[in-house]
Amino acid sequence: METLDTTHSSVRQPEDVVTYIRTRKPREVNPAAGPVYVSGAEPGDTLVVEILDVKLDDFGSLRIMPGRLGVLTAEMNVPHCRIVRIEGGRAVFSPSISFPVRPMVGVIATTPAEGEANTADPTDVGSNLDHNDVTVGTKVYLPVHVPGALFGLGDLHASMGDAEVTGNGIEIGGCTTVRVELLKGRHWPRPWLETAESWITTGSAASIEDAVQVAVRDMVDFLAERLAVSREDAYMLVSARGDVRLGQACRGMDATARVLFPKLPVR
């Protein structure tokens, strides 16, 4: 699935950011590939999308957009941009600073039963989750609400820190290869993730606190079922061994959170 970066490839040199900020349409960011129709998918099923590979374009961009997005938007009041080249698996920030790429998929979703899941927003069917864990080797479990599921993905990052504090990671185009599996009659209300080491529940809301609450509640319910324990015991297990992390918390858009819990053997 080939996708453009969030600027639709309009930022190719630092000075392009001024025009981009002036013409940017908040509801037309994060272009995604799709929708993909999955034969046999019906409401009440779960779509499992496994990320097999992410091939990045040769360069991406990092930006500061005053008045639009960012934790420090009131302090950083001048537009700024760096074009970051991808060379030998490293992101070249400057002649003296580079670091290994950490490719991830920012937007992944099925289609809701009613209305739309805009690629700028996180929702209960997915979309702009911005979780670092959506990377090669991860399985993303998505609820199916319409025939065919109609899923899409996009908004790749060569690297993005938790919380995405400026509102941008290294935004980049590329090609994502996935494997799709259908779980019939298995339904979860929101996206959850599986890695080799962890189960991960997700939550989104207008505030960080509310997003964390959704993700924690889902993990409590998940563990109660998976480990056959009470919700009280599951809640305590999350507090003892779960890790709460942020996806996006950059102001100007809803926050996302996730809870990681290690896969425990069930005896």
# chains A, B, ... in the order shown; residues from 1 in each chain; ligands from 1
>>> residues_around(residues="A:Asp221", least_positions_apart="2", cutoff="12 Å", atoms="only C-alpha atoms", output="PDB file with C-alpha atoms, in the first residue's frame")
ATOM      1  CA  TRP A 188     -13.503  -5.821  20.357  1.00  0.00           C
ATOM      2  CA  PRO A 189     -14.843  -2.259  20.674  1.00  0.00           C
ATOM      3  CA  THR A 201      -4.880  -1.731  24.246  1.00  0.00           C
ATOM      4  CA  VAL A 214     -10.146   4.218  27.998  1.00  0.00           C
ATOM      5  CA  ALA A 215      -6.939   2.287  27.327  1.00  0.00           C
ATOM      6  CA  VAL A 216      -6.631   1.112  30.945  1.00  0.00           C
ATOM      7  CA  ARG A 217     -10.278   0.015  31.107  1.00  0.00           C
ATOM      8  CA  ASP A 218      -9.861  -1.983  27.909  1.00  0.00           C
ATOM      9  CA  MET A 219      -6.726  -3.662  29.246  1.00  0.00           C
ATOM     10  CA  LEU A 223      -6.815  -9.401  30.990  1.00  0.00           C
ATOM     11  CA  ALA A 224      -9.927 -10.464  32.884  1.00  0.00           C
ATOM     12  CA  GLU A 225     -10.934 -12.524  29.853  1.00  0.00           C
ATOM     13  CA  ARG A 226      -7.480 -13.662  28.701  1.00  0.00           C
ATOM     14  CA  LEU A 227      -6.131 -14.620  32.144  1.00  0.00           C
ATOM     15  CA  ALA A 228      -9.478 -15.667  33.665  1.00  0.00           C
ATOM     16  CA  VAL A 229      -9.188 -13.301  36.632  1.00  0.00           C
ATOM     17  CA  SER A 230     -11.565 -10.780  38.217  1.00  0.00           C
ATOM     18  CA  ARG A 231     -11.624  -7.199  36.982  1.00  0.00           C
ATOM     19  CA  GLU A 232     -10.216  -6.150  40.354  1.00  0.00           C
ATOM     20  CA  ASP A 233      -7.257  -8.502  39.954  1.00  0.00           C
ATOM     21  CA  ALA A 234      -6.797  -7.375  36.349  1.00  0.00           C
ATOM     22  CA  TYR A 235      -6.781  -3.734  37.460  1.00  0.00           C
ATOM     23  CA  LEU A 237      -2.041  -6.413  37.475  1.00  0.00           C
ATOM     24  CA  VAL A 238      -2.088  -3.417  35.123  1.00  0.00           C
TER      25      VAL A 238
END
>>> closest_atom_pairs(of="stretch 152-265 of chain A", to="stretch 35-59 of chain A", cutoff="12 Å", atoms="only C-alpha atoms", output="tab-separated table")
residue	atom	partner	partner_atom	distance
A:Gly152	CA	A:Pro35	CA	5.0
A:Leu153	CA	A:Pro35	CA	8.5
A:Gly154	CA	A:Val54	CA	10.8
A:Asp155	CA	A:Leu56	CA	11.4
A:Leu156	CA	A:Leu56	CA	8.1
A:His157	CA	A:Leu56	CA	8.4
A:Ala158	CA	A:Leu56	CA	7.0
A:Ser159	CA	A:Leu56	CA	10.7
A:Ile170	CA	A:Phe59	CA	8.8
A:Glu171	CA	A:Phe59	CA	8.8
A:Ile172	CA	A:Asp57	CA	6.6
A:Gly173	CA	A:Asp57	CA	5.5
A:Gly174	CA	A:Leu56	CA	4.4
A:Cys175	CA	A:Lys55	CA	5.1
A:Thr176	CA	A:Val54	CA	4.5
A:Thr177	CA	A:Asp53	CA	5.0
A:Val178	CA	A:Ile51	CA	4.7
A:Arg179	CA	A:Glu50	CA	5.1
A:Val180	CA	A:Val49	CA	4.7
A:Glu181	CA	A:Val48	CA	5.0
A:Leu182	CA	A:Leu47	CA	4.9
A:Leu183	CA	A:Thr46	CA	5.1
A:Lys184	CA	A:Asp45	CA	4.8
A:Gly185	CA	A:Asp45	CA	4.7
A:Arg186	CA	A:Asp45	CA	5.1
A:His187	CA	A:Gly44	CA	5.4
A:Trp188	CA	A:Thr46	CA	7.3
A:Pro189	CA	A:Gly44	CA	9.6
A:Arg190	CA	A:Thr46	CA	10.1
A:Pro191	CA	A:Thr46	CA	9.4
A:Trp192	CA	A:Val48	CA	9.7
A:Leu193	CA	A:Val48	CA	9.2
A:Glu194	CA	A:Glu50	CA	9.2
A:Thr195	CA	A:Glu50	CA	9.8
A:Ala196	CA	A:Glu50	CA	11.9
>>> write_last_selection(atoms="C-alpha atoms", output="compact mmCIF listing (two decimals), in the first residue's frame")
# COMPACT_ATOMS: atom_id res chain seq x y z
CA GLY A 152 -6.94 1.82 4.97
CA LEU A 153 -3.58 2.98 6.26
CA GLY A 154 -1.07 5.78 5.82
CA ASP A 155 0.72 8.59 7.67
CA LEU A 156 4.11 6.88 7.79
CA HIS A 157 6.90 8.20 9.98
CA ALA A 158 10.59 7.41 9.65
CA SER A 159 10.71 8.11 13.38
CA ILE A 170 9.55 12.61 10.42
CA GLU A 171 6.64 12.69 7.99
CA ILE A 172 7.40 10.55 4.97
CA GLY A 173 5.91 8.62 2.09
CA GLY A 174 6.55 4.99 1.43
CA CYS A 175 5.15 1.53 0.85
CA THR A 176 3.68 -0.70 3.55
CA THR A 177 3.18 -4.43 3.04
CA VAL A 178 0.55 -6.14 5.19
CA ARG A 179 -1.06 -9.54 5.67
CA VAL A 180 -4.78 -9.55 6.41
CA GLU A 181 -6.60 -12.17 8.49
CA LEU A 182 -10.29 -12.29 9.39
CA LEU A 183 -11.56 -13.48 12.78
CA LYS A 184 -15.22 -14.39 12.38
CA GLY A 185 -17.57 -13.49 15.21
CA ARG A 186 -14.81 -12.01 17.34
CA HIS A 187 -15.33 -8.37 18.21
CA TRP A 188 -13.50 -5.82 20.36
CA PRO A 189 -14.84 -2.26 20.67
CA ARG A 190 -11.55 -0.53 19.84
CA PRO A 191 -8.26 -1.32 18.10
CA TRP A 192 -5.73 -3.36 20.05
CA LEU A 193 -2.23 -4.50 19.11
CA GLU A 194 -0.15 -7.60 19.53
CA THR A 195 3.62 -7.81 19.37
CA ALA A 196 5.91 -10.75 20.06
>>> atom_distance(atom1="atom CA of A:Ser239", atom2="atom CA of A:Arg258")
13.6 Å
>>> atom_distance(atom1="atom CA of A:Val266", atom2="atom CA of A:Lys139")
20.5 Å
>>> closest_residue(among="A:Pro112, A:Gly169, A:Pro79, A:Gly89", to="A:Pro143", atoms="only C-alpha atoms")
A:Pro112
>>> closest_residue(among="A:Val125, A:Leu4, A:Ala32, A:Ile86", to="A:Arg102", atoms="only C-alpha atoms")
A:Ile86
>>> select_by_dssp(residues="stretch 149-261 of chain A", states="alpha helix (DSSP H)", output="count of residues only")
30
>>> decode(residues="stretch 187-246 of chain A", atoms="C-alpha atoms", output="PDB file, in the first residue's frame")
ATOM      1  CA  HIS A 187     -15.331  -8.366  18.210  1.00  0.00           C
ATOM      2  CA  TRP A 188     -13.503  -5.821  20.357  1.00  0.00           C
ATOM      3  CA  PRO A 189     -14.843  -2.259  20.674  1.00  0.00           C
ATOM      4  CA  ARG A 190     -11.546  -0.528  19.835  1.00  0.00           C
ATOM      5  CA  PRO A 191      -8.255  -1.317  18.098  1.00  0.00           C
ATOM      6  CA  TRP A 192      -5.732  -3.356  20.046  1.00  0.00           C
ATOM      7  CA  LEU A 193      -2.234  -4.495  19.114  1.00  0.00           C
ATOM      8  CA  GLU A 194      -0.150  -7.603  19.528  1.00  0.00           C
ATOM      9  CA  THR A 195       3.624  -7.811  19.369  1.00  0.00           C
ATOM     10  CA  ALA A 196       5.911 -10.747  20.062  1.00  0.00           C
ATOM     11  CA  GLU A 197       6.204  -9.589  23.689  1.00  0.00           C
ATOM     12  CA  SER A 198       3.062  -7.652  24.550  1.00  0.00           C
ATOM     13  CA  TRP A 199      -0.682  -7.141  24.333  1.00  0.00           C
ATOM     14  CA  ILE A 200      -1.529  -3.471  23.817  1.00  0.00           C
ATOM     15  CA  THR A 201      -4.880  -1.731  24.246  1.00  0.00           C
ATOM     16  CA  THR A 202      -5.564   1.753  22.900  1.00  0.00           C
ATOM     17  CA  GLY A 203      -7.701   4.736  23.793  1.00  0.00           C
ATOM     18  CA  SER A 204      -8.419   8.174  22.360  1.00  0.00           C
ATOM     19  CA  ALA A 205     -10.206  11.204  23.776  1.00  0.00           C
ATOM     20  CA  ALA A 206     -10.114  14.985  23.918  1.00  0.00           C
ATOM     21  CA  SER A 207      -7.819  14.869  26.968  1.00  0.00           C
ATOM     22  CA  ILE A 208      -4.800  12.735  27.855  1.00  0.00           C
ATOM     23  CA  GLU A 209      -6.440  11.642  31.106  1.00  0.00           C
ATOM     24  CA  ASP A 210      -9.567  10.395  29.360  1.00  0.00           C
ATOM     25  CA  ALA A 211      -7.559   8.605  26.667  1.00  0.00           C
ATOM     26  CA  VAL A 212      -5.531   6.818  29.373  1.00  0.00           C
ATOM     27  CA  GLN A 213      -8.732   5.833  31.157  1.00  0.00           C
ATOM     28  CA  VAL A 214     -10.146   4.218  27.998  1.00  0.00           C
ATOM     29  CA  ALA A 215      -6.939   2.287  27.327  1.00  0.00           C
ATOM     30  CA  VAL A 216      -6.631   1.112  30.945  1.00  0.00           C
ATOM     31  CA  ARG A 217     -10.278   0.015  31.107  1.00  0.00           C
ATOM     32  CA  ASP A 218      -9.861  -1.983  27.909  1.00  0.00           C
ATOM     33  CA  MET A 219      -6.726  -3.662  29.246  1.00  0.00           C
ATOM     34  CA  VAL A 220      -8.541  -4.566  32.471  1.00  0.00           C
ATOM     35  CA  ASP A 221     -11.336  -6.171  30.449  1.00  0.00           C
ATOM     36  CA  PHE A 222      -8.815  -7.857  28.141  1.00  0.00           C
ATOM     37  CA  LEU A 223      -6.815  -9.401  30.990  1.00  0.00           C
ATOM     38  CA  ALA A 224      -9.927 -10.464  32.884  1.00  0.00           C
ATOM     39  CA  GLU A 225     -10.934 -12.524  29.853  1.00  0.00           C
ATOM     40  CA  ARG A 226      -7.480 -13.662  28.701  1.00  0.00           C
ATOM     41  CA  LEU A 227      -6.131 -14.620  32.144  1.00  0.00           C
ATOM     42  CA  ALA A 228      -9.478 -15.667  33.665  1.00  0.00           C
ATOM     43  CA  VAL A 229      -9.188 -13.301  36.632  1.00  0.00           C
ATOM     44  CA  SER A 230     -11.565 -10.780  38.217  1.00  0.00           C
ATOM     45  CA  ARG A 231     -11.624  -7.199  36.982  1.00  0.00           C
ATOM     46  CA  GLU A 232     -10.216  -6.150  40.354  1.00  0.00           C
ATOM     47  CA  ASP A 233      -7.257  -8.502  39.954  1.00  0.00           C
ATOM     48  CA  ALA A 234      -6.797  -7.375  36.349  1.00  0.00           C
ATOM     49  CA  TYR A 235      -6.781  -3.734  37.460  1.00  0.00           C
ATOM     50  CA  MET A 236      -4.078  -4.458  40.026  1.00  0.00           C
ATOM     51  CA  LEU A 237      -2.041  -6.413  37.475  1.00  0.00           C
ATOM     52  CA  VAL A 238      -2.088  -3.417  35.123  1.00  0.00           C
ATOM     53  CA  SER A 239      -0.850  -1.186  37.922  1.00  0.00           C
ATOM     54  CA  ALA A 240       1.865  -3.686  38.859  1.00  0.00           C
ATOM     55  CA  ARG A 241       3.196  -4.560  35.407  1.00  0.00           C
ATOM     56  CA  GLY A 242       1.408  -2.561  32.714  1.00  0.00           C
ATOM     57  CA  ASP A 243       3.011   0.441  31.024  1.00  0.00           C
ATOM     58  CA  VAL A 244       0.917   3.445  29.979  1.00  0.00           C
ATOM     59  CA  ARG A 245       2.355   5.321  27.005  1.00  0.00           C
ATOM     60  CA  LEU A 246       1.220   8.209  24.842  1.00  0.00           C
TER      61      LEU A 246
END
